[in-house]
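Student: File name work36.txt; file contents compact mmCIF, C-alpha atoms and all ligand atoms; full text below.
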```txt
# COMPACT_ATOMS: atom_id res chain seq x y z
CA MET A 1 -13.29 -10.42 9.90
CA PRO A 2 -14.10 -7.61 7.41
CA VAL A 3 -10.90 -6.42 5.73
CA LEU A 4 -10.53 -3.45 3.38
CA ILE A 5 -7.56 -2.79 1.11
CA VAL A 6 -7.26 0.72 -0.30
CA CYS A 7 -4.90 0.67 -3.28
CA ILE A 8 -3.94 2.96 -6.12
CA SER A 9 -1.59 1.61 -8.77
CA LYS A 10 -1.08 4.05 -11.62
CA GLU A 11 2.14 3.20 -13.45
CA HIS A 12 2.27 -0.49 -14.30
CA GLY A 13 -0.34 -2.13 -12.08
CA SER A 14 2.45 -3.51 -9.89
CA THR A 15 0.93 -2.56 -6.55
CA GLN A 16 -2.46 -3.79 -7.74
CA LYS A 17 -0.93 -7.26 -8.28
CA VAL A 18 0.24 -7.24 -4.66
CA ALA A 19 -3.16 -5.96 -3.48
CA GLU A 20 -4.93 -8.81 -5.27
CA VAL A 21 -2.76 -11.45 -3.61
CA LEU A 22 -3.28 -9.83 -0.20
CA ALA A 23 -7.03 -9.63 -0.83
CA GLY A 24 -7.14 -13.30 -1.82
CA GLU A 25 -5.51 -14.35 1.46
CA LEU A 26 -7.46 -11.92 3.62
CA ASN A 27 -10.79 -12.25 1.81
CA ALA A 28 -10.68 -8.46 1.54
CA THR A 29 -12.47 -5.86 -0.53
CA ILE A 30 -10.17 -3.69 -2.67
CA LEU A 31 -11.15 -0.07 -3.28
CA GLN A 32 -9.38 2.88 -4.86
CA PRO A 33 -9.00 5.93 -2.61
CA ASP A 34 -11.76 7.83 -4.45
CA GLU A 35 -14.19 4.91 -3.90
CA VAL A 36 -13.81 4.92 -0.12
CA ASP A 37 -16.61 6.26 2.04
CA VAL A 38 -14.52 7.53 4.95
CA GLU A 39 -17.42 7.12 7.37
CA SER A 40 -17.58 3.38 6.63
CA LEU A 41 -14.05 2.57 7.81
CA SER A 42 -15.37 1.68 11.24
CA ASP A 43 -17.05 -1.34 9.59
CA TYR A 44 -13.65 -2.98 9.01
CA ASP A 45 -11.43 -4.82 11.51
CA LEU A 46 -8.29 -4.41 9.41
CA ILE A 47 -7.44 -1.87 6.69
CA GLY A 48 -4.49 -1.98 4.27
CA PHE A 49 -3.17 1.12 2.52
CA GLY A 50 -0.97 0.71 -0.56
CA SER A 51 0.31 2.37 -3.73
CA GLY A 52 3.39 2.83 -5.84
CA ILE A 53 5.92 5.42 -4.71
CA ARG A 54 6.36 8.80 -6.37
CA ILE A 55 9.23 11.02 -5.21
CA ALA A 56 9.77 9.11 -1.96
CA ARG A 57 6.11 8.97 -0.87
CA HIS A 58 2.93 7.00 -1.49
CA TYR A 59 0.72 8.48 -4.23
CA ARG A 60 -1.03 11.72 -3.36
CA GLU A 61 -4.52 10.20 -3.79
CA LEU A 62 -3.81 7.76 -0.95
CA ARG A 63 -2.23 10.38 1.32
CA ASP A 64 -5.16 12.74 0.66
CA LEU A 65 -7.61 10.01 1.62
CA VAL A 66 -5.81 9.48 4.91
CA THR A 67 -6.04 13.19 5.71
CA ARG A 68 -9.83 12.94 5.19
CA ILE A 69 -10.51 9.91 7.39
CA PRO A 70 -11.99 10.53 10.81
CA LYS A 71 -9.85 9.81 13.87
CA GLN A 72 -9.89 6.06 14.49
CA GLN A 73 -9.90 4.11 17.74
CA GLN A 74 -6.74 1.99 17.43
CA LYS A 75 -7.75 0.70 13.98
CA ARG A 76 -5.61 -2.29 12.96
CA SER A 77 -3.89 -1.29 9.72
CA PHE A 78 -1.07 -2.22 7.40
CA ILE A 79 0.92 -0.43 4.72
CA PHE A 80 2.29 -1.77 1.45
CA SER A 81 4.01 -0.47 -1.67
CA THR A 82 6.03 -1.32 -4.74
CA SER A 83 8.84 0.95 -5.89
CA GLY A 84 11.92 1.08 -8.05
CA LEU A 85 14.87 1.60 -5.80
CA GLY A 86 13.46 2.01 -2.40
CA SER A 87 12.19 -0.02 0.46
CA LYS A 88 9.87 0.49 3.40
CA MET A 89 11.77 3.71 4.05
CA TRP A 90 9.34 5.39 1.64
CA HIS A 91 6.50 4.50 4.01
CA SER A 92 7.38 7.04 6.67
CA SER A 93 5.09 9.87 5.49
CA LEU A 94 1.98 7.66 5.19
CA ARG A 95 2.85 5.87 8.43
CA LYS A 96 3.02 9.20 10.28
CA HIS A 97 -0.38 10.30 8.89
CA LEU A 98 -2.00 6.98 9.82
CA VAL A 99 -0.61 6.99 13.34
CA ARG A 100 -1.91 10.55 13.81
CA LYS A 101 -5.33 9.25 12.78
CA GLY A 102 -5.27 6.64 15.53
CA CYS A 103 -4.29 3.66 13.38
CA ILE A 104 -2.09 0.90 14.76
CA ILE A 105 0.29 -0.24 12.02
CA GLN A 106 0.42 -3.97 12.45
CA ASP A 107 3.00 -4.60 9.72
CA GLU A 108 4.34 -3.31 6.39
CA PHE A 109 5.12 -4.97 3.06
CA TRP A 110 7.27 -3.75 0.20
CA CYS A 111 8.65 -5.30 -2.97
CA LYS A 112 10.24 -4.06 -6.17
CA GLY A 113 8.05 -2.95 -9.08
CA ILE A 114 9.12 -2.24 -12.64
CA ASP A 115 10.32 1.37 -12.76
CA THR A 116 10.32 3.47 -15.93
CA TYR A 117 10.84 6.83 -14.26
CA GLY A 118 13.12 9.28 -16.08
CA LEU A 119 16.33 7.73 -17.36
CA PHE A 120 15.16 4.28 -16.33
CA GLY A 121 12.40 4.63 -18.93
CA LEU A 122 14.90 5.47 -21.64
CA LEU A 123 16.75 2.29 -20.74
CA GLY A 124 13.55 0.26 -20.99
CA GLY A 125 12.96 0.20 -17.25
CA VAL A 126 14.56 -1.48 -14.26
CA ASN A 127 13.14 -4.38 -12.24
CA LYS A 128 11.53 -5.88 -15.31
CA GLY A 129 9.13 -8.65 -14.38
CA ARG A 130 8.72 -7.41 -10.81
CA PRO A 131 6.75 -8.12 -8.79
CA ASN A 132 7.56 -11.70 -9.70
CA GLU A 133 6.25 -15.01 -8.37
CA GLN A 134 8.60 -14.90 -5.40
CA ASP A 135 7.47 -11.35 -4.50
CA LEU A 136 3.83 -12.39 -4.67
CA ALA A 137 4.49 -15.50 -2.58
CA GLU A 138 6.09 -13.24 0.04
CA ALA A 139 3.02 -10.99 -0.12
CA ALA A 140 0.82 -14.03 0.57
CA ASP A 141 3.02 -15.00 3.56
CA PHE A 142 2.77 -11.44 4.83
CA ALA A 143 -1.04 -11.59 4.64
CA ARG A 144 -1.14 -14.91 6.51
CA ARG A 145 1.03 -13.42 9.27
CA LEU A 146 -1.44 -10.52 9.53
CA LEU A 147 -4.27 -12.97 10.04
CA ASN A 148 -2.38 -14.73 12.80
CA GLY A 149 -1.15 -11.49 14.41
C1 LIG B 1 7.30 10.06 -11.47
C2 LIG B 1 7.81 8.83 -10.74
C3 LIG B 1 8.47 8.97 -9.54
C4 LIG B 1 8.96 7.83 -8.85
N1 LIG B 1 9.61 7.99 -7.65
C5 LIG B 1 10.15 6.92 -7.03
C6 LIG B 1 10.88 7.09 -5.81
O1 LIG B 1 11.01 8.17 -5.25
N2 LIG B 1 11.45 5.97 -5.25
C7 LIG B 1 11.33 4.73 -5.81
O2 LIG B 1 11.89 3.78 -5.26
N3 LIG B 1 10.59 4.54 -6.95
C8 LIG B 1 10.00 5.60 -7.55
N4 LIG B 1 9.26 5.43 -8.72
C9 LIG B 1 8.99 4.06 -9.21
C10 LIG B 1 7.57 3.57 -8.85
O3 LIG B 1 7.34 3.69 -7.45
C11 LIG B 1 7.41 2.09 -9.25
O4 LIG B 1 7.47 1.99 -10.65
C12 LIG B 1 6.13 1.47 -8.70
O5 LIG B 1 6.25 0.06 -8.71
C13 LIG B 1 4.89 1.88 -9.49
O6 LIG B 1 3.77 1.26 -8.91
P1 LIG B 1 2.39 1.05 -9.69
O7 LIG B 1 2.68 0.31 -10.98
O8 LIG B 1 1.56 0.26 -8.74
O9 LIG B 1 1.81 2.43 -9.91
C14 LIG B 1 8.77 6.54 -9.39
C15 LIG B 1 8.09 6.41 -10.63
C16 LIG B 1 7.61 7.53 -11.30
C17 LIG B 1 6.89 7.36 -12.62
```
Using structure tokens, write down the structure that the file contains.
Tutor:
Amino acid sequence: MPVLIVCISKEHGSTQKVAEVLAGELNATILQPDEVDVESLSDYDLIGFGSGIRIARHYRELRDLVTRIPKQQQKRSFIFSTSGLGSKMWHSSLRKHLVRKGCIIQDEFWCKGIDTYGLFGLLGGVNKGRPNEQDLAEAADFARRLLNG
């Protein structure tokens, strides 16, 4: 089953760590948004979309990619992120775009990532060491559930 993971991880590489665990379980190719040939998405049975969160949304590069992809025929997809304070609630904008494009969101994964935004940076960051081993083990479980879903 060809699986693609589109990931952009700009701050601390936190979302990339999650993407690599997911890719290991799913035997997936990881590409950055600017490496994706939007016409080739039909080659994949499952596509994951992930990034860190900036001001309550996935990174612009990922959202821009989704606006460029052609309408899909019920493409199995999943969403993931790391963020400082949030949760899957930050997924709503990307989720809406993907659903409009004809994607079926099979599941979503989120975990904490080290956050050095604003005052947090002055304090040396919050969520130091995240994602940790437990987070990455949960990411692997998530990927296995996707395979069985
Ligand atoms: C400018 C900026 C804005 C951010 N906005 C949010 C936010 O709205 N909500 C949140 O929970 N985390 C926010 N964060 C924290 C990042 O989402 C978090 O550090 C994430 O794990 C970074 O992922 P990356 O290392 O994969 O790029 C923000 C960080 C920065 C630098």
Student: Please list as JSON, numbers by chain every residue within 7 Å of region 94-103 of chain A, counting only C-alpha atoms and excluding residues in the same chain fewer than 4 positions away.
Tutor: {"A": [58, 63, 66, 71, 72, 73, 74, 75, 76, 77]}
Student: Mind checking which residues fall within 7 Å of Gly52 (chain A), counting all atoms listed in the file, ignoring those fewer than 4 positions away in the same chain, and posting them as a list in words?
Tutor: Ser9, Thr15, His58, Tyr59, Ser81, Thr82 and Ser83 of chain A
Student: Just how far from atom O6 of ligand LIG 1 (chain B) is CA of Leu123 (chain A), in Å to one decimal?
Tutor: 17.6 Å
Student: Show me which residues are within 8 Å of ligand LIG 1 (chain B) counting only C-alpha atoms and all ligand atoms, and format the list as a VMD selection string.
Tutor: chain A and resid 8 to 17 51 to 57 81 to 87 90 112 to 118
Student: Those residues you just picked out, can you put them in a file as a PDB file, in the coordinates of the input with C-alpha atoms?
Tutor:
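The resulting file, selection35.pdb, is reproduced below:
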```
ATOM      1  CA  ILE A   8      -3.940   2.960  -6.120  1.00  0.00           C
ATOM      2  CA  SER A   9      -1.590   1.610  -8.770  1.00  0.00           C
ATOM      3  CA  LYS A  10      -1.080   4.050 -11.620  1.00  0.00           C
ATOM      4  CA  GLU A  11       2.140   3.200 -13.450  1.00  0.00           C
ATOM      5  CA  HIS A  12       2.270  -0.490 -14.300  1.00  0.00           C
ATOM      6  CA  GLY A  13      -0.340  -2.130 -12.080  1.00  0.00           C
ATOM      7  CA  SER A  14       2.450  -3.510  -9.890  1.00  0.00           C
ATOM      8  CA  THR A  15       0.930  -2.560  -6.550  1.00  0.00           C
ATOM      9  CA  GLN A  16      -2.460  -3.790  -7.740  1.00  0.00           C
ATOM     10  CA  LYS A  17      -0.930  -7.260  -8.280  1.00  0.00           C
ATOM     11  CA  SER A  51       0.310   2.370  -3.730  1.00  0.00           C
ATOM     12  CA  GLY A  52       3.390   2.830  -5.840  1.00  0.00           C
ATOM     13  CA  ILE A  53       5.920   5.420  -4.710  1.00  0.00           C
ATOM     14  CA  ARG A  54       6.360   8.800  -6.370  1.00  0.00           C
ATOM     15  CA  ILE A  55       9.230  11.020  -5.210  1.00  0.00           C
ATOM     16  CA  ALA A  56       9.770   9.110  -1.960  1.00  0.00           C
ATOM     17  CA  ARG A  57       6.110   8.970  -0.870  1.00  0.00           C
ATOM     18  CA  SER A  81       4.010  -0.470  -1.670  1.00  0.00           C
ATOM     19  CA  THR A  82       6.030  -1.320  -4.740  1.00  0.00           C
ATOM     20  CA  SER A  83       8.840   0.950  -5.890  1.00  0.00           C
ATOM     21  CA  GLY A  84      11.920   1.080  -8.050  1.00  0.00           C
ATOM     22  CA  LEU A  85      14.870   1.600  -5.800  1.00  0.00           C
ATOM     23  CA  GLY A  86      13.460   2.010  -2.400  1.00  0.00           C
ATOM     24  CA  SER A  87      12.190  -0.020   0.460  1.00  0.00           C
ATOM     25  CA  TRP A  90       9.340   5.390   1.640  1.00  0.00           C
ATOM     26  CA  LYS A 112      10.240  -4.060  -6.170  1.00  0.00           C
ATOM     27  CA  GLY A 113       8.050  -2.950  -9.080  1.00  0.00           C
ATOM     28  CA  ILE A 114       9.120  -2.240 -12.640  1.00  0.00           C
ATOM     29  CA  ASP A 115      10.320   1.370 -12.760  1.00  0.00           C
ATOM     30  CA  THR A 116      10.320   3.470 -15.930  1.00  0.00           C
ATOM     31  CA  TYR A 117      10.840   6.830 -14.260  1.00  0.00           C
ATOM     32  CA  GLY A 118      13.120   9.280 -16.080  1.00  0.00           C
TER      33      GLY A 118
END
```
Student: From the list A:Arg68, A:His91, A:Arg144, A:Lys128, which residue is nearest Leu41 (chain A) when using all atoms listed in the file?
Tutor: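 Under the stated criterion, the closest residue is A:Arg68.
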Student: How many Å separate CA of Phe80 (chain A) from CA of Pro33 (chain A)?
Tutor: 14.3 Å
Student: Measure the distance from CA of Ala139 (chain A) to CA of Val21 (chain A) in Å and round it to one decimal.
Tutor: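 The value is 6.8 Å.
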Student: Identify, on the basis of all atoms listed in the file, every residue whose closest approach to Leu31 (chain A) does not exceed 10 Å; exclude the query and any residue fewer than 6 positions from it along the same chain; express the result as a PyMOL selection string.
Tutor: chain A and resi 4-8+19+37+49
Student: Using only C-alpha atoms, which of the listed residues (A:Ser92, A:Gln134, A:Met1, A:Phe78) sits closest to Leu146 (chain A)?
Tutor: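 The shortest atom-to-atom distance to Leu146 (chain A) comes from A:Phe78.
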Student: For Gly24 (chain A), which residue among A:Lys88, A:Asn132, A:Val3, A:Leu122 is the nearest when counting all atoms listed in the file?
Tutor: A:Val3
Student: Using only C-alpha atoms, find the one residue out of A:Val126, A:Leu147, A:Val36, A:Leu136 that sits nearest to Leu62 (chain A).
Tutor: A:Val36
